[in-house]
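Reading through the structure tokens given below for one structure.
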Amino acid sequence: MSYYFQICATERYQEKYISFLLEHYSALNLPYSFPVALSYIASPVLMTEEAILYFDHNDEIAGALGYIYGTGEQHYQDTGIVQLQTIFLLDKYRGTRLFLEGLQYLTQYLAQLDRGITELRFWVPANNPQLRRLCGKLAQRTVSGETAFGMIDEYRLPLPQLQQYVARFRHESYFETYRGHTV
């Protein structure tokens, strides 16, 4: 199955991004109040950072990824750190190559920007052993914390480490899909 990715650079795609995530809000299982969760979902658009939609071969939205540059602790001045605010795939695309291909796209896109990105950070609900196992393959869990709605784990990973990891899974069809396209 082939997929493609769209940077949400226009208001139309930004609206699709937010609508898609709100439509699937309950499946996100975010351990925050709705206003806090909405701020994480919308911040890539509201802070004029980046959001990416994943499309399937029928041009239907299959998933979304949103991130911002910098951390709140440093007043978003530490722009070498990317905070992944949301990564979500519809159930039928989980267990496919879409997650991996999305990470491959993201690492290539960030490298192409030449913004000096050194690290990615993200938080996930701590009560999901399968998600914890997946995240442990990619990044180092640095801290766990309590929210009013449950425990969360923070993960950090150097961008070069993620680039090396996802590069191991490239195969000929990947190069056929992206030949001649700038990622």
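By order of appearance in the structure tokens: chains A, B, ..., then residues from 1 within every chain, and ligands from 1 in the order shown.
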Neighbours of segment 123-125 of chain A within 7 Å (only C-alpha atoms; same-chain residues fewer than 3 positions away dropped), as a VMD selection string? chain A and resid 30 to 31 128 151 to 155
Near segment 11-20 of chain A, counting only C-alpha atoms, which residues have an atom at most 7 Å away, once you skip same-chain residues fewer than 5 positions from it, shown as a list in words? Ile41, Ala42, Val45, Leu53 and Ala64 of chain A
For a test of reading the model, state the distance in Å between atom CA of Thr79 of chain A and atom CA of Ser43 of chain A, rounded to one decimal.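 Rounded to one decimal, the two atoms are 15.0 Å apart.
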Could you give me the residues within segment 18-133 of chain A that DSSP places in strand (DSSP E), as a PyMOL selection string? chain A and resi 50-55+61-69+81-89+119-125
From the set A:Glu50, A:Gln140, A:His57, A:Ser39, which residue has the shortest atom-to-atom contact distance to Leu113 of chain A, counting only C-alpha atoms? A:Glu50
Can you pull out the residues contacting Gln85 of chain A? Cut-off 6 Å, using only C-alpha atoms, and skip same-chain residues under 6 positions away; I want them as number ranges by chain. A: 40, 66-67
Save out the residues we just selected, N, CA and C atoms, as a PDB file, in the first residue's frame.
```
ATOM      1  N   TYR A  40      -2.450  21.024  22.906  1.00  0.00           N
ATOM      2  CA  TYR A  40      -1.401  20.187  22.303  1.00  0.00           C
ATOM      3  C   TYR A  40      -1.730  19.843  20.852  1.00  0.00           C
ATOM      4  N   GLY A  66       2.040  16.233  14.479  1.00  0.00           N
ATOM      5  CA  GLY A  66       2.247  17.663  14.704  1.00  0.00           C
ATOM      6  C   GLY A  66       3.370  17.880  15.689  1.00  0.00           C
ATOM      7  N   TYR A  67       4.135  18.944  15.477  1.00  0.00           N
ATOM      8  CA  TYR A  67       5.254  19.232  16.375  1.00  0.00           C
ATOM      9  C   TYR A  67       5.519  20.725  16.448  1.00  0.00           C
TER      10      TYR A  67
END
```
For Ser144 of chain A, the nearest of the candidates A:Ala9, A:Gly102, A:Leu159, A:Asn127, counting only C-alpha atoms: A:Asn127
Would you mind writing down, as a ChimeraX atom specification, each residue of segment 6-177 of chain A that DSSP on the backbone assigns to alpha helix (DSSP H)? /A:11-23,25-28,34-46,98-113,129-138,159-167,172-177
Shortest interatomic distance to Leu28 of chain A - which of A:Leu89, A:Gln83, A:Gln6, A:Arg132, counting only C-alpha atoms: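 Among A:Leu89, A:Gln83, A:Gln6, A:Arg132, it is A:Leu89 that comes nearest to Leu28 of chain A.
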Take atom CA of Tyr32 of chain A and atom CA of Ile81 of chain A and report the distance between them in Å, one decimal.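 These two atoms are separated by 22.7 Å.
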For a quick check of understanding, using only C-alpha atoms, which of A:Ala37, A:Leu21, A:Met47, A:Ile117 has the smallest distance to Leu90 of chain A?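 Checking each candidate against Leu90 of chain A, we get A:Leu21 as the closest.
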